[in-house]
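Data from target-v6.cif: mmCIF, C-alpha atoms and all ligand atoms
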data_start
loop_
_atom_site.label_atom_id
_atom_site.label_comp_id
_atom_site.auth_asym_id
_atom_site.auth_seq_id
_atom_site.Cartn_x
_atom_site.Cartn_y
_atom_site.Cartn_z
CA MET I 98 107.78 141.05 102.68
CA LEU I 99 107.67 137.28 102.34
CA HIS I 100 107.54 136.04 98.77
CA GLY I 101 103.96 135.99 97.49
CA ILE I 102 102.59 137.72 100.60
CA ALA I 103 101.40 141.31 100.74
CA ALA I 104 99.93 143.44 103.51
CA SER I 105 96.64 144.94 102.27
CA PRO I 106 95.44 148.45 103.27
CA ASP I 107 93.16 146.96 105.95
CA GLY I 108 96.25 145.54 107.59
CA HIS I 109 95.45 141.87 106.94
CA THR I 110 98.01 139.66 105.30
CA ARG I 111 96.88 138.20 102.01
CA LEU I 112 98.40 136.08 99.31
CA ALA I 113 99.73 138.34 96.57
CA SER I 114 99.17 137.60 92.87
CA PRO I 115 102.15 135.74 91.52
CA SER I 116 104.39 137.61 89.11
CA LEU I 117 104.54 136.40 85.52
CA THR I 118 107.93 134.82 86.09
CA SER I 119 106.68 132.86 89.08
CA LEU I 120 103.91 131.39 86.88
CA PHE I 121 106.61 130.03 84.60
CA PRO I 122 109.32 129.05 87.03
CA MET I 123 112.74 128.55 85.54
CA SER I 124 115.39 126.96 87.68
CA GLY I 125 118.86 127.93 86.55
CA LYS I 126 121.47 125.25 85.95
CA ASN I 127 123.00 124.21 89.27
CA SER I 128 120.47 126.28 91.21
CA ARG I 129 119.50 125.17 94.72
CA PHE I 130 116.07 124.17 96.02
CA THR I 131 114.53 124.01 99.47
CA LEU I 132 112.30 121.03 100.17
CA HIS I 133 109.79 121.53 103.00
CA LEU I 134 109.09 118.08 104.36
CA ALA I 135 108.01 115.99 107.32
CA GLY I 136 109.90 112.81 108.17
CA PRO I 137 107.35 110.05 107.50
CA SER I 138 105.50 111.74 104.60
CA PRO I 139 105.32 109.40 101.58
CA PHE I 140 104.74 112.42 99.33
CA ALA I 141 107.93 114.11 100.51
CA ARG I 142 109.77 110.81 100.17
CA LYS I 143 108.67 110.66 96.52
CA VAL I 144 110.29 114.04 95.85
CA GLN I 145 113.46 112.99 97.68
CA ALA I 146 113.62 109.73 95.70
CA VAL I 147 113.17 111.61 92.43
CA ALA I 148 115.92 114.07 93.41
CA ILE I 149 118.29 111.13 94.00
CA GLU I 150 117.28 109.44 90.72
CA LEU I 151 118.00 112.71 88.87
CA GLY I 152 121.23 113.40 90.76
CA VAL I 153 120.07 116.75 92.15
CA ASP I 154 119.72 115.74 95.82
CA SER I 155 123.00 117.49 96.72
CA ARG I 156 121.40 120.77 95.57
CA MET I 157 118.32 120.24 97.74
CA ASP I 158 118.27 121.81 101.21
CA LEU I 159 115.84 120.12 103.58
CA GLU I 160 113.52 122.19 105.77
CA PRO I 161 111.73 119.77 108.13
CA LEU I 162 108.54 120.70 109.94
CA LEU I 163 105.78 119.00 111.83
CA VAL I 164 102.42 118.88 110.03
CA ALA I 165 99.24 117.37 111.38
CA PRO I 166 95.50 117.99 111.22
CA GLY I 167 94.64 120.54 113.89
CA LYS I 168 98.14 121.99 113.97
CA GLU I 169 98.04 125.64 112.93
CA ASN I 170 101.46 126.21 111.33
CA VAL I 171 100.42 129.81 110.60
CA ASP I 172 103.75 130.98 109.19
CA TYR I 173 104.06 127.94 106.94
CA ALA I 174 100.50 128.45 105.61
CA ARG I 175 101.17 132.12 104.92
CA SER I 176 104.60 131.92 103.40
CA VAL I 177 104.82 128.44 101.84
CA ASN I 178 101.68 126.33 101.38
CA PRO I 179 98.18 127.69 102.04
CA LEU I 180 96.97 124.09 102.43
CA LYS I 181 99.51 123.48 105.23
CA ARG I 182 100.77 120.31 103.57
CA VAL I 183 104.17 118.92 102.77
CA PRO I 184 105.99 118.66 100.49
CA ALA I 185 106.60 122.08 98.97
CA LEU I 186 109.63 123.02 96.92
CA THR I 187 111.00 126.57 96.95
CA LEU I 188 113.18 127.47 93.98
CA ASP I 189 116.04 129.95 94.13
CA ASP I 190 113.90 132.67 92.50
CA GLY I 191 111.53 132.38 95.47
CA THR I 192 108.77 130.51 93.62
CA THR I 193 107.23 127.70 95.64
CA LEU I 194 105.84 124.64 93.86
CA LEU I 195 103.09 122.68 95.61
CA ASP I 196 102.00 119.05 95.30
CA SER I 197 104.49 116.20 95.15
CA SER I 198 103.65 114.97 91.65
CA LEU I 199 103.88 118.44 90.17
CA ILE I 200 107.25 118.92 91.91
CA CYS I 201 108.50 115.56 90.61
CA GLN I 202 107.44 116.36 87.06
CA TYR I 203 108.99 119.82 87.28
CA LEU I 204 112.32 118.32 88.38
CA ASP I 205 112.15 115.58 85.75
CA GLU I 206 111.56 118.06 82.93
CA THR I 207 113.95 120.80 84.02
CA GLU I 208 116.75 118.38 84.89
CA GLY I 209 116.41 116.39 81.66
CA GLY I 210 115.16 113.17 83.26
CA SER I 211 112.92 110.51 81.76
CA LEU I 212 110.83 109.48 84.77
CA VAL I 213 107.67 110.45 82.88
CA PRO I 214 107.66 109.65 79.15
CA ARG I 215 107.16 112.90 77.22
CA ASP I 216 104.70 111.42 74.71
CA GLY I 217 103.09 108.22 73.44
CA ALA I 218 100.73 105.75 75.13
CA GLN I 219 103.24 104.95 77.91
CA ARG I 220 103.03 108.56 79.15
CA TRP I 221 99.35 108.11 79.95
CA ILE I 222 99.87 104.67 81.50
CA VAL I 223 102.54 106.13 83.80
CA LEU I 224 100.44 109.20 84.73
CA ASN I 225 97.34 107.09 85.33
CA VAL I 226 99.13 104.59 87.60
CA LEU I 227 100.83 107.53 89.33
CA ALA I 228 97.42 109.04 90.09
CA VAL I 229 96.23 105.86 91.78
CA ALA I 230 99.52 105.33 93.67
CA ASN I 231 99.20 108.91 94.96
CA GLY I 232 95.58 108.26 95.84
CA LEU I 233 96.66 105.17 97.76
CA MET I 234 99.09 107.34 99.74
CA GLU I 235 96.35 109.91 100.39
CA VAL I 236 93.86 107.35 101.67
CA SER I 237 96.56 105.65 103.79
CA VAL I 238 97.59 108.96 105.37
CA GLN I 239 93.92 109.72 106.00
CA LEU I 240 93.49 106.32 107.67
CA ARG I 241 96.48 107.09 109.86
CA TYR I 242 94.87 110.39 110.91
CA GLU I 243 91.52 108.73 111.56
CA THR I 244 92.99 105.91 113.65
CA PHE I 245 95.81 107.74 115.41
CA ALA I 246 95.41 111.53 115.38
CA ARG I 247 91.64 111.68 115.90
CA PRO I 248 90.64 111.34 119.57
CA GLU I 249 89.34 107.84 120.23
CA ASP I 250 85.83 108.90 121.25
CA HIS I 251 85.42 110.83 117.95
CA ARG I 252 86.33 107.98 115.65
CA TRP I 253 83.84 106.81 113.00
CA GLY I 254 84.01 103.07 112.39
CA ASP I 255 82.17 103.04 109.04
CA PHE I 256 84.50 105.66 107.60
CA ILE I 257 87.57 103.77 108.82
CA ALA I 258 86.23 100.56 107.22
CA ASP I 259 85.56 102.51 104.01
CA LEU I 260 89.15 103.83 103.93
CA GLU I 261 90.52 100.32 104.52
CA GLN I 262 88.43 99.00 101.61
CA ARG I 263 89.67 101.78 99.31
CA ILE I 264 93.24 100.80 100.17
CA LEU I 265 92.57 97.16 99.26
CA ASN I 266 90.82 98.21 96.03
CA ALA I 267 93.72 100.47 95.03
CA LEU I 268 96.24 97.70 95.75
CA ASP I 269 94.29 95.30 93.49
CA TRP I 270 94.08 97.97 90.77
CA LEU I 271 97.84 98.57 90.95
CA ASP I 272 98.59 94.84 90.94
CA ALA I 273 96.63 94.50 87.68
CA ARG I 274 98.81 97.22 86.06
CA ALA I 275 102.22 96.76 87.70
CA ASP I 276 103.56 94.69 84.77
CA ALA I 277 103.09 97.69 82.46
CA LEU I 278 105.71 99.71 84.37
CA SER I 279 109.47 99.61 83.83
CA HIS I 280 111.24 97.20 86.21
CA ASP I 281 114.76 98.37 85.22
CA ASP I 282 115.02 102.13 84.78
CA PRO I 283 112.13 103.18 86.98
CA ASP I 284 109.45 105.61 85.99
CA LEU I 285 107.68 107.94 88.40
CA ALA I 286 104.71 105.58 88.75
CA GLY I 287 106.95 102.67 89.77
CA LEU I 288 108.69 104.77 92.41
CA ALA I 289 105.30 105.96 93.70
CA CYS I 290 103.97 102.38 93.89
CA VAL I 291 106.95 101.27 96.01
CA ILE I 292 106.63 104.28 98.30
CA ALA I 293 102.87 103.75 98.70
CA VAL I 294 103.16 100.07 99.68
CA GLU I 295 106.10 100.75 101.99
CA TYR I 296 104.04 103.42 103.76
CA ILE I 297 101.53 100.64 104.44
CA ASP I 298 104.36 98.43 105.79
CA PHE I 299 105.47 101.35 107.99
CA ARG I 300 102.09 102.45 109.39
CA PHE I 301 99.92 99.35 109.09
CA PRO I 302 102.27 96.35 109.38
CA ASP I 303 99.32 93.97 109.90
CA MET I 304 97.84 94.84 106.51
CA ASP I 305 99.52 92.32 104.19
CA TRP I 306 99.50 94.07 100.78
CA ARG I 307 101.70 91.28 99.30
CA GLU I 308 99.13 88.49 99.71
CA GLY I 309 97.50 87.72 96.34
CA ARG I 310 99.30 90.57 94.53
CA PRO I 311 102.27 88.93 92.75
CA ALA I 312 102.81 91.62 90.09
CA LEU I 313 102.97 94.42 92.65
CA GLN I 314 105.34 92.33 94.76
CA THR I 315 107.61 91.71 91.73
CA LEU I 316 107.70 95.44 90.94
CA HIS I 317 108.54 96.17 94.56
CA GLN I 318 111.36 93.60 94.56
CA ALA I 319 112.77 95.03 91.31
CA LEU I 320 112.94 98.63 92.55
CA ALA I 321 113.14 98.65 96.37
CA HIS I 322 116.93 98.12 96.50
CA ARG I 323 117.67 101.31 94.53
CA SER I 324 119.51 103.94 96.57
CA SER I 325 116.69 106.43 95.90
CA LEU I 326 114.31 104.13 97.78
CA ALA I 327 116.59 102.30 100.22
CA GLY I 328 118.10 105.61 101.36
CA THR I 329 114.76 107.32 101.99
CA ARG I 330 112.82 104.51 103.73
CA PRO I 331 111.00 105.92 106.81
CA ASP I 332 112.75 103.62 109.28
CA SER I 333 116.17 103.85 107.55
N1 LIG I 401 98.51 115.83 97.15
C1 LIG I 401 99.50 116.26 98.10
C2 LIG I 401 99.29 115.56 99.43
C3 LIG I 401 100.24 116.06 100.51
C4 LIG I 401 99.82 115.62 101.92
O1 LIG I 401 98.67 115.23 102.16
N2 LIG I 401 100.76 115.70 102.87
C5 LIG I 401 100.48 115.36 104.24
C6 LIG I 401 101.67 114.69 104.92
S1 LIG I 401 101.89 113.04 104.41
C7 LIG I 401 100.25 116.62 105.04
O2 LIG I 401 100.95 117.59 104.83
N3 LIG I 401 99.32 116.60 105.99
C8 LIG I 401 99.08 117.67 106.89
C9 LIG I 401 97.63 117.97 107.02
O3 LIG I 401 96.85 117.54 106.15
O4 LIG I 401 97.29 118.66 107.97
C10 LIG I 401 100.90 116.00 97.52
O5 LIG I 401 101.03 115.10 96.68
O6 LIG I 401 101.85 116.72 97.84
#
Would you encode the structure as structure tokens?
Amino acid sequence: MLHGIAASPDGHTRLASPSLTSLFPMSGKNSRFTLHLAGPSPFARKVQAVAIELGVDSRMDLEPLLVAPGKENVDYARSVNPLKRVPALTLDDGTTLLDSSLICQYLDETEGGSLVPRDGAQRWIVLNVLAVANGLMEVSVQLRYETFARPEDHRWGDFIADLEQRILNALDWLDARADALSHDDPDLAGLACVIAVEYIDFRFPDMDWREGRPALQTLHQALAHRSSLAGTRPDS
């Protein structure tokens, strides 16, 4: 039986209820992880960057796969992520954690990092900026699907224009808050901002996110040279 999967009496395969221990996953010291990822995914890159920042990347085995709208990936959906998305992180007790930000926060807390402040006002600033940087990645990935994966004769111009506007809005929002993030020891929001804008450079090189956004550009310049980011860049 695959972890978390049970065959019901009617013969269909269903997700099993998680055991109590898998609701409270505990990764042992020096335990290994498996990261399910797809090459250009900014969300997977965020987890890889965090693993490097925390010094646990050597304990992370990479399991690449191809994900795309319309691609079934039946085994992956059954045994790893019912939403058929990457990244997912499988711990050595068989528990799989889903969603990049949750995985990053799990690693930060269990490995004793400080990428997300544990309390105080800065915690909420970091988590709020992280939410918008993640949203920027989501909308950018969606725009990629709408303009590349969707067959040309099924494309919807108004929706594409709407997605482009959301990207510009999110960039302006981040620019107005970029100064509030650490430019030396990065926090999770700073890493996510760099990854989000570099995904735009990678997929939409004509969209100049730097123009009129000096604070975001300064944050990018302060962090982009770090090995966690330079070593995980999509075209590196
Ligand atoms: N909120 C999720 C988003 C993950 C996500 O959308 N991943 C994309 C790849 S960049 C994916 O797996 N897409 C496949 C699909 O939607 O079919 C996270 O942070 O992990």
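Note that the spacing between atom CA of I:Ala286 and atom CA of I:Ala218 amounts to 14.2 Å.
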Residues within 8 Å of ligand LIG 401 (chain I) (all atoms listed in the file), as a list in words?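 Written in the requested form, the residues are Ala135, Pro137, Ser138, Pro139, Phe140, Ala141, Val164, Ala165, Pro166, Gly167, Lys168, Leu180, Lys181, Arg182, Val183, Pro184, Ala185, Leu195, Asp196, Ser197, Ser198, Leu199, Asn231, Met234, Glu235 and Val238 of chain I.
When all atoms listed in the file are used to compute distances to I:Trp270, the closest of the residues I:Thr244, I:Thr193, I:Asn225, I:Gln239 turns out to be I:Asn225.
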Restricting the calculation to only C-alpha atoms, which member of I:Trp253, I:Phe130, I:Tyr242, I:Tyr296 is positioned closest to I:Leu326?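 With only C-alpha atoms as the atom set, the closest residue is I:Tyr296.
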Distance atom CA of I:Lys143-atom CA of I:Glu169, one decimal place?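 Going from atom CA of I:Lys143 over to atom CA of I:Glu169 covers 24.6 Å.
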For each of I:Leu188, I:Ile222, I:Ala148, I:Ala267, take the minimum atom-to-atom distance to I:Val294, counting only C-alpha atoms, then give the residue where this is smallest.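 Going through I:Leu188, I:Ile222, I:Ala148, I:Ala267 one by one, the smallest distance to I:Val294 is for I:Ala267.
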Which of these residues is nearest to I:Leu285, using only C-alpha atoms: I:Asp158, I:Ser325, I:Val177, I:Gly217? I:Ser325
Go through I:Asp276, I:Asp269, I:Asp154, I:Asp332 and flag the residue nearest I:Leu233, using only C-alpha atoms for the distances.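 Once distances to I:Leu233 are computed over only C-alpha atoms, the minimum belongs to I:Asp269.
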So what do you get for atom CA of I:Gly191 versus atom CA of I:Glu150, distance-wise? 24.1 Å
Need to verify the contact set: I:Gly232, 9 Å, all atoms listed in the file, exclusion of same-chain residues closer than 5 positions in sequence. Can you return it as a ChimeraX atom specification? /I:227,237,264,267
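Across I:Trp306, I:Glu243, I:Glu160, I:Val223, the tightest approach to I:Asp255 is made by I:Glu243 when counting all atoms listed in the file.
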Excluding I:Ser279 and any residue of its chain fewer than 3 positions from it, enumerate the residues within 12 Å of it, using only C-alpha atoms, and give them as a PyMOL selection string. chain I and resi 211-214+219-220+222-223+274-276+282-288+290+315-317+319-320
Please tell me which residues are no farther than 7 Å from (110.1, 114.3, 87.7) in the file, counting all atoms listed in the file, and write them as a ChimeraX atom specification. /I:147,200-206,210,212-213,285
Tell me, as an MDAnalysis selection string, which residues lie within 8 Å of I:Arg156, counting all atoms listed in the file; anything in the same chain fewer than 4 positions away does not count. chainID I and resid 127:130
